[in-house]
$ cat upload-v5.txt   # compact mmCIF, C-alpha atoms
# COMPACT_ATOMS: atom_id res chain seq x y z
CA MET A 181 -35.66 20.83 19.01
CA GLU A 182 -32.79 23.18 19.56
CA THR A 183 -31.21 24.41 16.32
CA ARG A 184 -27.86 22.82 15.88
CA GLY A 185 -25.57 25.73 15.32
CA VAL A 186 -22.06 25.45 13.94
CA LEU A 187 -19.52 28.19 14.49
CA ILE A 188 -16.68 28.37 11.97
CA VAL A 189 -13.55 30.04 13.28
CA ASP A 190 -10.77 30.72 10.78
CA ASP A 191 -8.82 33.80 9.77
CA GLU A 192 -8.75 32.70 6.13
CA LYS A 193 -11.76 33.76 4.14
CA ASN A 194 -11.52 30.90 1.67
CA ILE A 195 -11.61 28.30 4.45
CA ARG A 196 -14.65 29.92 6.05
CA LEU A 197 -16.39 29.94 2.70
CA THR A 198 -15.44 26.35 1.88
CA LEU A 199 -16.70 25.14 5.26
CA ARG A 200 -19.91 27.09 5.03
CA ARG A 201 -20.63 25.77 1.56
CA ALA A 202 -19.79 22.21 2.55
CA LEU A 203 -22.24 22.34 5.45
CA GLU A 204 -25.07 23.97 3.49
CA SER A 205 -26.74 20.70 2.56
CA LEU A 206 -26.89 19.57 6.20
CA ARG A 207 -29.20 22.49 6.89
CA LEU A 208 -27.30 23.50 9.97
CA ASP A 209 -27.31 27.03 11.24
CA THR A 210 -23.78 28.26 10.51
CA ASP A 211 -22.03 31.39 11.65
CA SER A 212 -18.41 32.40 11.41
CA ALA A 213 -15.73 34.32 13.27
CA VAL A 214 -12.45 35.62 11.87
CA ASN A 215 -10.40 35.31 15.06
CA GLY A 216 -10.37 33.90 18.58
CA GLU A 217 -11.73 37.02 20.24
CA GLU A 218 -14.72 37.22 17.93
CA ALA A 219 -15.35 33.50 18.37
CA LEU A 220 -15.51 33.76 22.16
CA ALA A 221 -17.82 36.78 21.91
CA LYS A 222 -20.17 34.88 19.60
CA LEU A 223 -20.08 31.85 21.86
CA GLN A 224 -21.25 34.01 24.75
CA GLU A 225 -24.11 35.45 22.74
CA ARG A 226 -25.72 32.21 21.64
CA ARG A 227 -25.55 28.42 21.76
CA PHE A 228 -23.59 26.37 19.28
CA SER A 229 -23.39 22.59 19.16
CA VAL A 230 -20.15 22.40 17.24
CA VAL A 231 -17.22 24.74 16.71
CA LEU A 232 -14.86 24.26 13.76
CA LEU A 233 -11.68 25.82 15.01
CA ASP A 234 -8.48 26.67 13.17
CA LEU A 235 -5.43 26.34 15.40
CA LYS A 236 -3.25 28.89 13.66
CA MET A 237 -4.68 32.37 13.82
CA PRO A 238 -3.15 35.77 14.51
CA GLY A 239 -3.88 37.13 17.99
CA MET A 240 -5.51 34.55 20.22
CA ASP A 241 -4.76 31.17 18.66
CA GLY A 242 -7.08 28.20 18.43
CA MET A 243 -5.49 26.38 21.34
CA GLU A 244 -6.25 29.30 23.68
CA VAL A 245 -9.83 29.51 22.39
CA LEU A 246 -10.19 25.78 23.01
CA ARG A 247 -8.81 26.13 26.55
CA ARG A 248 -11.23 28.91 27.43
CA LEU A 249 -14.14 27.22 25.73
CA ARG A 250 -13.59 23.96 27.58
CA ALA A 251 -13.59 25.86 30.87
CA ALA A 252 -16.66 27.98 30.14
CA ARG A 253 -18.77 25.75 27.87
CA PRO A 254 -17.67 22.13 28.15
CA GLU A 255 -20.78 20.87 26.32
CA VAL A 256 -19.74 22.50 23.03
CA LYS A 257 -17.95 20.06 20.74
CA VAL A 258 -14.84 21.35 19.07
CA ILE A 259 -13.41 20.08 15.78
CA ILE A 260 -9.86 21.25 15.20
CA ILE A 261 -8.65 22.27 11.75
CA THR A 262 -4.93 21.77 11.28
CA ALA A 263 -2.47 22.22 8.49
CA HIS A 264 -0.99 19.16 6.83
CA GLY A 265 1.74 17.54 8.90
CA THR A 266 0.99 19.11 12.26
CA ILE A 267 -0.22 16.03 14.07
CA GLU A 268 1.43 17.05 17.35
CA SER A 269 -0.74 20.13 17.80
CA ALA A 270 -3.82 18.09 16.93
CA VAL A 271 -2.91 15.59 19.64
CA GLU A 272 -2.35 18.48 22.04
CA ALA A 273 -5.84 19.75 21.19
CA MET A 274 -7.36 16.31 21.73
CA LYS A 275 -5.77 16.28 25.18
CA LEU A 276 -7.50 19.56 25.87
CA GLY A 277 -10.81 17.96 25.00
CA ALA A 278 -11.34 18.59 21.30
CA ALA A 279 -13.87 16.14 19.84
CA ASP A 280 -11.95 15.43 16.66
CA PHE A 281 -9.67 16.97 14.10
CA ILE A 282 -9.34 17.33 10.35
CA GLN A 283 -6.34 18.20 8.22
CA LYS A 284 -6.34 20.73 5.43
CA PRO A 285 -7.18 20.41 2.61
CA PHE A 286 -10.50 18.69 3.11
CA ALA A 287 -13.23 17.45 0.83
CA PRO A 288 -16.76 18.83 1.44
CA LYS A 289 -18.00 15.33 2.18
CA GLU A 290 -15.26 14.76 4.76
CA ILE A 291 -16.39 17.84 6.66
CA ARG A 292 -20.05 16.88 6.48
CA ASP A 293 -19.33 13.34 7.67
CA LEU A 294 -17.20 14.55 10.54
CA VAL A 295 -19.69 17.17 11.74
CA THR A 296 -22.55 14.67 11.48
CA LYS A 297 -20.57 12.10 13.37
CA VAL A 298 -19.64 14.51 16.13
CA LEU A 299 -23.24 15.71 16.41
CA ASP A 300 -24.55 12.14 16.56
CA ARG A 301 -21.94 10.89 18.95
CA ASP A 302 -24.08 11.43 22.03
CA LYS A 303 -26.93 9.45 20.55
CA LEU A 304 -24.71 6.57 19.57
CA ALA A 305 -23.24 5.92 23.00
CA ALA A 306 -25.84 3.33 23.83
CA GLU A 307 -24.11 1.41 26.57
CA LYS A 308 -23.46 3.11 29.84
CA ALA A 309 -19.82 3.68 30.53
CA GLU A 310 -18.00 6.57 32.04
CA SER A 311 -14.36 5.93 32.75
CA TYR A 312 -11.57 5.58 30.25
CA GLU A 313 -11.05 1.96 31.24
CA GLU A 314 -14.72 1.09 30.81
CA HIS A 315 -14.81 2.58 27.34
CA VAL A 316 -11.64 0.79 26.30
CA GLU A 317 -13.05 -2.49 27.55
CA LEU A 318 -16.34 -1.96 25.78
CA ALA A 319 -14.55 -0.97 22.59
CA LYS A 320 -12.61 -4.23 22.67
CA ARG A 321 -15.70 -6.25 23.46
CA CYS A 322 -17.53 -4.61 20.54
CA ILE A 323 -14.61 -5.41 18.23
CA SER A 324 -14.74 -9.06 19.23
CA GLN A 325 -18.50 -9.03 18.65
CA ARG A 326 -17.91 -7.32 15.30
CA GLN A 327 -19.99 -4.30 16.33
CA PHE A 328 -17.56 -1.91 14.78
CA ASP A 329 -19.56 1.30 14.85
CA ALA A 330 -20.24 0.89 18.55
CA ALA A 331 -16.59 -0.01 19.10
CA GLU A 332 -15.47 3.13 17.33
CA GLU A 333 -17.81 5.16 19.48
CA HIS A 334 -16.39 3.67 22.68
CA ALA A 335 -12.83 4.21 21.49
CA ARG A 336 -13.64 7.86 20.84
CA GLN A 337 -15.31 8.19 24.22
CA ALA A 338 -12.22 6.72 25.80
CA VAL A 339 -10.09 9.30 24.01
CA SER A 340 -12.34 12.09 25.34
CA ALA A 341 -12.25 10.61 28.84
CA ASP A 342 -8.47 10.48 28.90
CA ALA A 343 -6.48 11.63 25.91
CA THR A 344 -3.13 11.04 27.57
CA LYS A 345 -3.13 7.26 27.14
CA PRO A 346 -2.15 5.57 23.88
CA GLU A 347 -4.41 2.52 23.94
CA ALA A 348 -7.63 4.24 22.88
CA PHE A 349 -5.90 5.93 19.93
CA ASN A 350 -4.52 2.57 18.88
CA LEU A 351 -7.97 1.00 19.06
CA LEU A 352 -9.40 3.79 16.97
CA GLY A 353 -6.65 3.19 14.47
CA VAL A 354 -7.48 -0.50 14.31
CA LEU A 355 -11.14 0.24 13.66
CA LEU A 356 -10.39 2.78 10.97
CA GLU A 357 -7.98 0.41 9.35
CA MET A 358 -10.60 -2.31 9.24
CA ALA A 359 -12.98 0.17 7.65
CA GLY A 360 -10.39 0.67 4.91
CA ARG A 361 -9.47 4.16 6.10
CA LYS A 362 -5.78 3.47 6.25
CA LEU A 363 -4.50 7.04 6.40
CA GLU A 364 -6.81 7.95 9.24
CA ALA A 365 -5.77 4.76 10.97
CA GLN A 366 -2.12 5.72 10.69
CA LYS A 367 -2.96 9.17 12.05
CA ASN A 368 -4.25 7.51 15.21
CA TYR A 369 -1.35 5.07 15.49
CA ARG A 370 0.97 8.04 15.29
CA ALA A 371 -1.08 9.86 17.92
CA ALA A 372 -0.73 6.85 20.22
CA LEU A 373 3.02 6.82 19.66
CA ALA A 374 3.28 10.55 20.23
CA LEU A 375 1.82 9.92 23.69
CA ASP A 376 3.96 6.90 24.41
CA PRO A 377 6.74 6.07 21.95
CA THR A 378 7.24 2.68 23.63
CA TYR A 379 3.62 1.54 23.16
CA ARG A 380 4.20 -1.61 21.17
CA PRO A 381 0.78 -2.38 19.61
CA ALA A 382 0.67 1.05 17.93
CA ASN A 383 4.25 0.68 16.82
CA GLU A 384 3.51 -2.70 15.26
CA ASN A 385 0.33 -1.47 13.61
CA LEU A 386 2.05 1.57 12.17
CA SER A 387 4.97 -0.48 10.85
CA ARG A 388 2.58 -2.95 9.30
CA THR A 389 0.35 -0.37 7.63
CA THR A 390 3.32 1.49 6.29
CA GLY A 391 4.54 -1.76 4.83
CA LEU A 392 7.64 -2.18 6.99
CA THR A 393 6.62 -5.45 8.60
CA SER A 394 3.84 -7.99 8.26
CA GLY A 395 1.61 -9.44 10.95
CA GLY A 396 -1.83 -9.24 12.49
CA ILE A 397 -3.61 -6.24 13.87
CA SER A 398 -2.79 -5.63 17.51
CA VAL A 399 -5.46 -4.23 19.79
CA GLY A 400 -3.21 -4.46 22.84
CA ALA A 401 -3.33 -6.58 25.97
CA GLY A 402 -6.47 -7.13 28.02
CA THR A 403 -9.69 -9.04 28.13
CA GLY A 404 -12.25 -9.29 25.40
CA GLY A 405 -9.80 -8.20 22.74
CA GLY A 406 -7.35 -10.41 20.99
CA GLU A 407 -6.79 -10.64 17.31
CA ALA A 408 -9.35 -8.79 15.29
CA GLY A 409 -9.45 -10.51 11.97
CA GLY A 410 -11.52 -10.02 8.90
CA GLU A 411 -12.67 -7.12 6.84
CA ARG A 412 -14.95 -4.49 8.22
CA THR A 413 -17.75 -3.36 5.98
CA PRO A 414 -17.75 0.45 6.09
CA MET B 152 -23.83 15.09 -4.45
CA THR B 153 -24.75 17.51 -7.21
CA ALA B 154 -22.67 18.59 -10.18
CA SER B 155 -21.44 21.61 -8.24
CA ASP B 156 -20.65 19.82 -4.99
CA ARG B 157 -17.72 17.70 -5.95
CA PHE B 158 -14.23 17.40 -4.58
CA ILE B 159 -11.88 18.12 -7.45
CA VAL B 160 -8.10 18.02 -7.47
CA ILE B 161 -6.38 19.94 -10.27
CA VAL B 162 -2.72 19.34 -10.98
CA GLY B 163 -0.93 22.29 -12.54
CA CYS B 164 -1.85 25.92 -11.93
CA GLY B 165 -0.94 27.33 -15.32
CA ARG B 166 -3.43 29.09 -17.59
CA LEU B 167 -5.67 26.04 -17.97
CA GLY B 168 -5.40 24.75 -14.40
CA ALA B 169 -6.03 28.16 -12.86
CA TYR B 170 -8.99 28.84 -15.17
CA LEU B 171 -10.60 25.51 -14.28
CA ALA B 172 -9.88 25.98 -10.56
CA ASN B 173 -11.45 29.46 -10.55
CA ARG B 174 -14.55 28.34 -12.41
CA LEU B 175 -15.11 25.12 -10.48
CA SER B 176 -14.57 26.85 -7.14
CA ARG B 177 -16.95 29.66 -8.09
CA ASP B 178 -19.59 27.04 -8.92
CA GLY B 179 -19.36 25.73 -5.38
CA ASN B 180 -17.12 22.68 -5.74
CA GLY B 181 -14.41 21.81 -3.25
CA VAL B 182 -11.17 22.39 -5.15
CA VAL B 183 -7.50 21.69 -4.45
CA VAL B 184 -4.91 22.91 -6.93
CA ILE B 185 -1.34 21.56 -6.91
CA ASP B 186 1.68 23.25 -8.44
CA ALA B 187 5.41 22.92 -7.91
CA GLU B 188 5.90 26.70 -8.09
CA GLU B 189 4.36 28.87 -5.43
CA GLN B 190 4.09 31.91 -7.71
CA ALA B 191 1.82 29.93 -10.05
CA PHE B 192 -0.99 30.37 -7.51
CA ALA B 193 -1.02 34.10 -8.32
CA ALA B 194 -3.17 33.14 -11.33
CA LEU B 195 -6.02 32.19 -9.01
CA SER B 196 -8.76 34.78 -8.66
CA PRO B 197 -9.48 36.47 -5.30
CA GLU B 198 -12.81 34.62 -5.25
CA TYR B 199 -11.12 31.23 -5.44
CA SER B 200 -12.11 29.49 -2.22
CA GLY B 201 -10.26 26.21 -2.58
CA PHE B 202 -6.90 25.02 -1.32
CA ARG B 203 -3.39 25.36 -2.69
CA VAL B 204 -0.80 22.63 -2.30
CA GLU B 205 2.76 23.42 -3.30
CA GLY B 206 4.71 20.39 -4.40
CA ASP B 207 5.68 17.95 -7.13
CA ALA B 208 2.55 16.02 -8.05
CA THR B 209 4.57 13.09 -9.36
CA GLU B 210 5.33 12.35 -5.71
CA LEU B 211 2.70 10.15 -4.12
CA ALA B 212 2.97 12.02 -0.81
CA VAL B 213 2.04 15.30 -2.49
CA LEU B 214 -1.03 13.80 -4.12
CA ARG B 215 -2.00 12.31 -0.77
CA GLU B 216 -1.47 15.65 0.96
CA ALA B 217 -3.92 17.15 -1.54
CA LYS B 218 -6.26 14.25 -0.71
CA ALA B 219 -6.41 13.19 -4.34
CA ASP B 220 -7.26 9.74 -3.00
CA LYS B 221 -10.59 11.17 -1.82
CA ALA B 222 -11.34 13.15 -4.97
CA ASP B 223 -14.42 12.73 -7.15
CA VAL B 224 -12.48 14.12 -10.10
CA VAL B 225 -8.75 14.55 -10.78
CA VAL B 226 -7.62 16.79 -13.64
CA ALA B 227 -4.01 16.58 -14.83
CA ALA B 228 -3.38 19.91 -16.52
CA THR B 229 0.35 20.59 -16.35
CA ARG B 230 2.18 21.54 -19.53
CA ASP B 231 4.08 18.24 -19.49
CA ASP B 232 2.33 15.23 -21.06
CA ASN B 233 4.46 12.78 -19.11
CA VAL B 234 3.61 14.38 -15.79
CA ASN B 235 -0.07 14.40 -16.72
CA LEU B 236 0.02 10.75 -17.70
CA MET B 237 1.81 9.75 -14.54
CA VAL B 238 -0.54 11.71 -12.29
CA ALA B 239 -3.58 10.35 -14.12
CA GLN B 240 -2.31 6.81 -13.80
CA VAL B 241 -1.70 7.15 -10.07
CA ALA B 242 -5.13 8.70 -9.57
CA LYS B 243 -6.84 5.94 -11.52
CA VAL B 244 -4.90 2.85 -10.54
CA GLU B 245 -3.52 3.64 -7.09
CA PHE B 246 -6.37 5.78 -5.73
CA GLY B 247 -9.28 4.47 -7.81
CA VAL B 248 -10.62 7.96 -8.52
CA ALA B 249 -13.90 7.72 -10.44
CA ARG B 250 -13.14 10.37 -13.05
CA VAL B 251 -9.66 11.23 -14.20
CA LEU B 252 -9.04 13.68 -17.01
CA ALA B 253 -5.69 14.51 -18.53
CA ARG B 254 -4.53 17.06 -21.02
CA VAL B 255 -2.16 15.55 -23.58
CA PHE B 256 -0.59 17.55 -26.37
CA GLU B 257 0.69 14.52 -28.26
CA PRO B 258 -2.29 12.81 -29.97
CA ARG B 259 -0.51 9.44 -30.02
CA ARG B 260 -0.50 9.29 -26.25
CA GLU B 261 -4.30 9.37 -26.07
CA ALA B 262 -4.55 5.63 -26.75
CA VAL B 263 -2.39 4.81 -23.73
CA CYS B 264 -4.67 6.88 -21.54
CA ARG B 265 -7.83 5.29 -22.81
CA LYS B 266 -6.48 1.87 -21.91
CA LEU B 267 -6.08 3.09 -18.33
CA GLY B 268 -9.60 4.48 -18.21
CA VAL B 269 -8.31 8.03 -18.25
CA GLU B 270 -10.26 10.54 -20.31
CA THR B 271 -8.08 12.80 -22.38
CA ILE B 272 -8.41 16.17 -23.97
CA CYS B 273 -5.88 16.85 -26.70
CA PRO B 274 -5.58 20.53 -27.59
CA THR B 275 -3.48 19.68 -30.64
CA ALA B 276 -6.09 17.38 -32.16
CA MET B 277 -8.91 19.74 -31.24
CA SER B 278 -7.39 22.81 -32.82
CA ALA B 279 -6.31 20.80 -35.87
CA GLU B 280 -9.95 19.75 -36.34
CA LEU B 281 -11.08 23.37 -36.14
CA PHE B 282 -8.41 24.44 -38.60
CA LEU B 283 -9.40 21.72 -41.07
CA LYS B 284 -13.05 22.68 -40.80
CA ALA B 285 -12.19 26.33 -41.38
CA ILE B 286 -10.04 25.46 -44.38
CA ALA B 287 -12.79 23.31 -45.92
CA ARG B 288 -15.37 26.08 -45.55
CA GLU B 289 -16.12 28.20 -48.60
CA PRO B 290 -14.59 31.62 -48.14
CA ALA B 291 -17.10 34.34 -47.35
CA PRO B 292 -18.02 36.27 -50.50
$ encode --input "upload-v5.txt" --output "structure tokens"
Amino acid sequence: METRGVLIVDDEKNIRLTLRRALESLRLDTDSAVNGEEALAKLQERRFSVVLLDLKMPGMDGMEVLRRLRAARPEVKVIIITAHGTIESAVEAMKLGAADFIQKPFAPKEIRDLVTKVLDRDKLAAEKAESYEEHVELAKRCISQRQFDAAEEHARQAVSADATKPEAFNLLGVLLEMAGRKLEAQKNYRAALALDPTYRPANENLSRTTGLTSGGISVGAGTGGGEAGGERTP
Amino acid sequence: MTASDRFIVIVGCGRLGAYLANRLSRDGNGVVVIDAEEQAFAALSPEYSGFRVEGDATELAVLREAKADKADVVVAATRDDNVNLMVAQVAKVEFGVARVLARVFEPRREAVCRKLGVETICPTAMSAELFLKAIAREPAP
């Protein structure tokens, strides 16, 4: 089996160290780069499965690295590291094809879970679907069948297929909310609204989770969806 | 999760907070330290590899920003008992953090903490004990 390498790209030494330490127990082959230029050079030298990429770096910033990486090595999965409260740039990065993002500061377990999830994502996508619409439909169907892990996977696939539409972000939010991950859910509702401020389901979900209004979870219009009630066991 | 692989949020980066942050970070834990004053972070050693969050920890948003809601341990180590009690209470009740420790100078406040499930360390009571023991000891000949 190919070694699953992780490249850590951050100009701050303490972040590189924290990430490296956090990933130690996963027994992944980690390497690090202090700026965008070094990262691209290392990515040319050898294969990495995942890149943890800081957006804000002197010289070539993370967004530019992401752009070039997506053009040259689209199979490499990129996890964006952003500062607290910079959701817009994270959304921008998702549009460019980043696999996921995490906000600083992060707990070691959060990083491990995210990297594991991103690495396993390919394996999890059991049902065949390719287009954004197919993934959205499957995500909704899985929600109605209470297959929440599969639903989450399809919602994420939909986001990767087309990160300019709000519905998939809203679905992801719904799933995270049901798993009790309210803050992450709100992150996705906000992402949906950043793409389309008039998208009502996300607006309603965000208002409800922030305690402004009450009401049921809204997965949006379409077949196979409807009200998703009940607690999700994480 | 081992003893040196925990996610620990420390509130207050004074002498005690900074010392704990440096040690816990050096041992390999994930550490976030919160302080209202940016210059307080100067007390952190160059080897400190955790995060710094500048802000008032009595604000829920600041504790959330530091991800105290995901912490294995929260330590309230500011020089103000009331702040420590408030932070500890939020961590325990609102976030359900498994271990919450607070420094309280006033021994009478310890009982309140215990009721909340917050462990306390009272420097006043501890040093008083040491003084009493020293006083009771026979003087060296």
$ closest_atom_pairs --input "upload-v5.txt" --of "chain A" --to "chain B" --cutoff "9 Å" --atoms "all atoms listed in the file" --output "tab-separated table"
residue	atom	partner	partner_atom	distance
A:Lys193	CA	B:Ser200	CA	7.7
A:Asn194	CA	B:Ser200	CA	4.2
A:Ile195	CA	B:Ser200	CA	6.8
A:Arg196	CA	B:Ser200	CA	8.7
A:Leu197	CA	B:Ser200	CA	6.5
A:Thr198	CA	B:Ser200	CA	6.1
A:Arg201	CA	B:Gly179	CA	7.1
A:Ala202	CA	B:Gly181	CA	7.9
A:His264	CA	B:Glu216	CA	6.9
A:Gly265	CA	B:Glu216	CA	8.8
A:Lys284	CA	B:Phe202	CA	8.0
A:Pro285	CA	B:Phe202	CA	6.1
A:Phe286	CA	B:Lys218	CA	7.2
A:Ala287	CA	B:Phe158	CA	5.5
A:Pro288	CA	B:Gly181	CA	6.0
A:Lys289	CA	B:Phe158	CA	8.0
A:Glu290	CA	B:Lys221	CA	8.8
$ closest_residue --input "upload-v5.txt" --among "B:Thr229, B:Thr271, B:Asn235, B:Ser278" --to "Leu167 in chain B" --atoms "all atoms listed in the file"
B:Thr229
$ closest_residue --input "upload-v5.txt" --among "B:Leu214, B:Leu175, B:Ile272, B:Ala208" --to "Pro258 in chain B" --atoms "all atoms listed in the file"
B:Ile272
$ atom_distance --input "upload-v5.txt" --atom1 "CA of Arg174 in chain B" --atom2 "CA of Ala191 in chain B"
16.6 Å
$ residues_around --input "upload-v5.txt" --residues "range 239-246 of chain A" --least-positions-apart "4" --cutoff "7 Å" --atoms "only C-alpha atoms" --output "ChimeraX atom specification"
/A:216-217,233-235,250,273
$ closest_residue --input "upload-v5.txt" --among "B:Ala187, B:Ala276, B:Ala285, B:Ala194" --to "Val234 in chain B" --atoms "all atoms listed in the file"
B:Ala187
$ atom_distance --input "upload-v5.txt" --atom1 "CA of Ser196 in chain B" --atom2 "CA of Val184 in chain B"
12.6 Å
$ residues_near_point --input "upload-v5.txt" --point "(-4.2, 12.4, 10.6)" --cutoff "8 Å" --atoms "only C-alpha atoms" --output "VMD selection string"
chain A and resid 267 281 to 283 363 to 368
$ atom_distance --input "upload-v5.txt" --atom1 "CA of Leu386 in chain A" --atom2 "CA of Ile323 in chain A"
19.1 Å
$ residues_around --input "upload-v5.txt" --residues "Met237 in chain B" --least-positions-apart "5" --cutoff "10 Å" --atoms "all atoms listed in the file" --output "PyMOL selection string"
chain B and resi 208-210+227+232+242-243+253+264
$ residues_around --input "upload-v5.txt" --residues "Leu206 in chain A" --least-positions-apart "2" --cutoff "12 Å" --atoms "only C-alpha atoms" --output "number ranges by chain"
A: 184-186, 199-204, 208-210, 288-289, 291-296, 299; B: 152
$ residues_around --input "upload-v5.txt" --residues "range 341-353 of chain A" --least-positions-apart "2" --cutoff "7 Å" --atoms "all atoms listed in the file" --output "PyMOL selection string"
chain A and resi 274-275+311-312+316+332+335+337-339+355-357+365-366+368-369+371-373+375-376+382+399
$ build_atoms --input "upload-v5.txt" --residues "range 251-258 of chain B" --atoms "all heavy atoms" --output "mmCIF file, in the frame of the given file"
data_model
loop_
_atom_site.group_PDB
_atom_site.id
_atom_site.type_symbol
_atom_site.label_atom_id
_atom_site.label_comp_id
_atom_site.auth_asym_id
_atom_site.auth_seq_id
_atom_site.Cartn_x
_atom_site.Cartn_y
_atom_site.Cartn_z
ATOM 1 N N VAL B 251 -10.994 10.638 -14.057
ATOM 2 C CA VAL B 251 -9.660 11.230 -14.200
ATOM 3 C C VAL B 251 -9.556 11.781 -15.612
ATOM 4 O O VAL B 251 -9.819 11.076 -16.592
ATOM 5 C CB VAL B 251 -8.560 10.174 -13.956
ATOM 6 C CG1 VAL B 251 -7.193 10.801 -14.130
ATOM 7 C CG2 VAL B 251 -8.692 9.567 -12.567
ATOM 8 N N LEU B 252 -9.199 13.046 -15.709
ATOM 9 C CA LEU B 252 -9.040 13.680 -17.010
ATOM 10 C C LEU B 252 -7.631 14.219 -17.144
ATOM 11 O O LEU B 252 -7.094 14.803 -16.202
ATOM 12 C CB LEU B 252 -10.025 14.851 -17.149
ATOM 13 C CG LEU B 252 -11.501 14.468 -17.204
ATOM 14 C CD1 LEU B 252 -12.204 14.975 -15.968
ATOM 15 C CD2 LEU B 252 -12.136 15.043 -18.442
ATOM 16 N N ALA B 253 -7.051 14.017 -18.322
ATOM 17 C CA ALA B 253 -5.690 14.510 -18.530
ATOM 18 C C ALA B 253 -5.607 15.285 -19.827
ATOM 19 O O ALA B 253 -6.242 14.927 -20.824
ATOM 20 C CB ALA B 253 -4.717 13.336 -18.561
ATOM 21 N N ARG B 254 -4.816 16.366 -19.770
ATOM 22 C CA ARG B 254 -4.530 17.060 -21.020
ATOM 23 C C ARG B 254 -3.282 16.432 -21.617
ATOM 24 O O ARG B 254 -2.275 16.262 -20.926
ATOM 25 C CB ARG B 254 -4.259 18.536 -20.745
ATOM 26 C CG ARG B 254 -3.639 19.219 -21.951
ATOM 27 C CD ARG B 254 -3.641 20.700 -21.835
ATOM 28 N NE ARG B 254 -2.641 21.192 -20.897
ATOM 29 C CZ ARG B 254 -2.392 22.490 -20.746
ATOM 30 N NH1 ARG B 254 -3.068 23.388 -21.431
ATOM 31 N NH2 ARG B 254 -1.490 22.885 -19.882
ATOM 32 N N VAL B 255 -3.362 16.040 -22.895
ATOM 33 C CA VAL B 255 -2.160 15.550 -23.580
ATOM 34 C C VAL B 255 -2.018 16.291 -24.901
ATOM 35 O O VAL B 255 -2.961 16.403 -25.676
ATOM 36 C CB VAL B 255 -2.180 14.020 -23.837
ATOM 37 C CG1 VAL B 255 -1.832 13.251 -22.588
ATOM 38 C CG2 VAL B 255 -3.506 13.567 -24.380
ATOM 39 N N PHE B 256 -0.825 16.815 -25.135
ATOM 40 C CA PHE B 256 -0.590 17.550 -26.370
ATOM 41 C C PHE B 256 -0.335 16.607 -27.532
ATOM 42 O O PHE B 256 -0.692 16.884 -28.665
ATOM 43 C CB PHE B 256 0.606 18.502 -26.203
ATOM 44 C CG PHE B 256 0.313 19.658 -25.302
ATOM 45 C CD1 PHE B 256 0.755 19.679 -23.986
ATOM 46 C CD2 PHE B 256 -0.445 20.742 -25.754
ATOM 47 C CE1 PHE B 256 0.476 20.739 -23.138
ATOM 48 C CE2 PHE B 256 -0.736 21.814 -24.912
ATOM 49 C CZ PHE B 256 -0.276 21.817 -23.614
ATOM 50 N N GLU B 257 0.305 15.469 -27.220
ATOM 51 C CA GLU B 257 0.690 14.520 -28.260
ATOM 52 C C GLU B 257 -0.449 13.535 -28.530
ATOM 53 O O GLU B 257 -0.743 12.690 -27.687
ATOM 54 C CB GLU B 257 1.968 13.795 -27.792
ATOM 55 C CG GLU B 257 2.422 12.661 -28.676
ATOM 56 C CD GLU B 257 2.633 13.087 -30.106
ATOM 57 O OE1 GLU B 257 3.477 13.954 -30.353
ATOM 58 O OE2 GLU B 257 1.934 12.537 -30.989
ATOM 59 N N PRO B 258 -1.109 13.634 -29.706
ATOM 60 C CA PRO B 258 -2.290 12.810 -29.970
ATOM 61 C C PRO B 258 -2.020 11.310 -29.819
ATOM 62 O O PRO B 258 -2.897 10.559 -29.394
ATOM 63 C CB PRO B 258 -2.641 13.140 -31.426
ATOM 64 C CG PRO B 258 -2.054 14.486 -31.657
ATOM 65 C CD PRO B 258 -0.816 14.553 -30.821
#
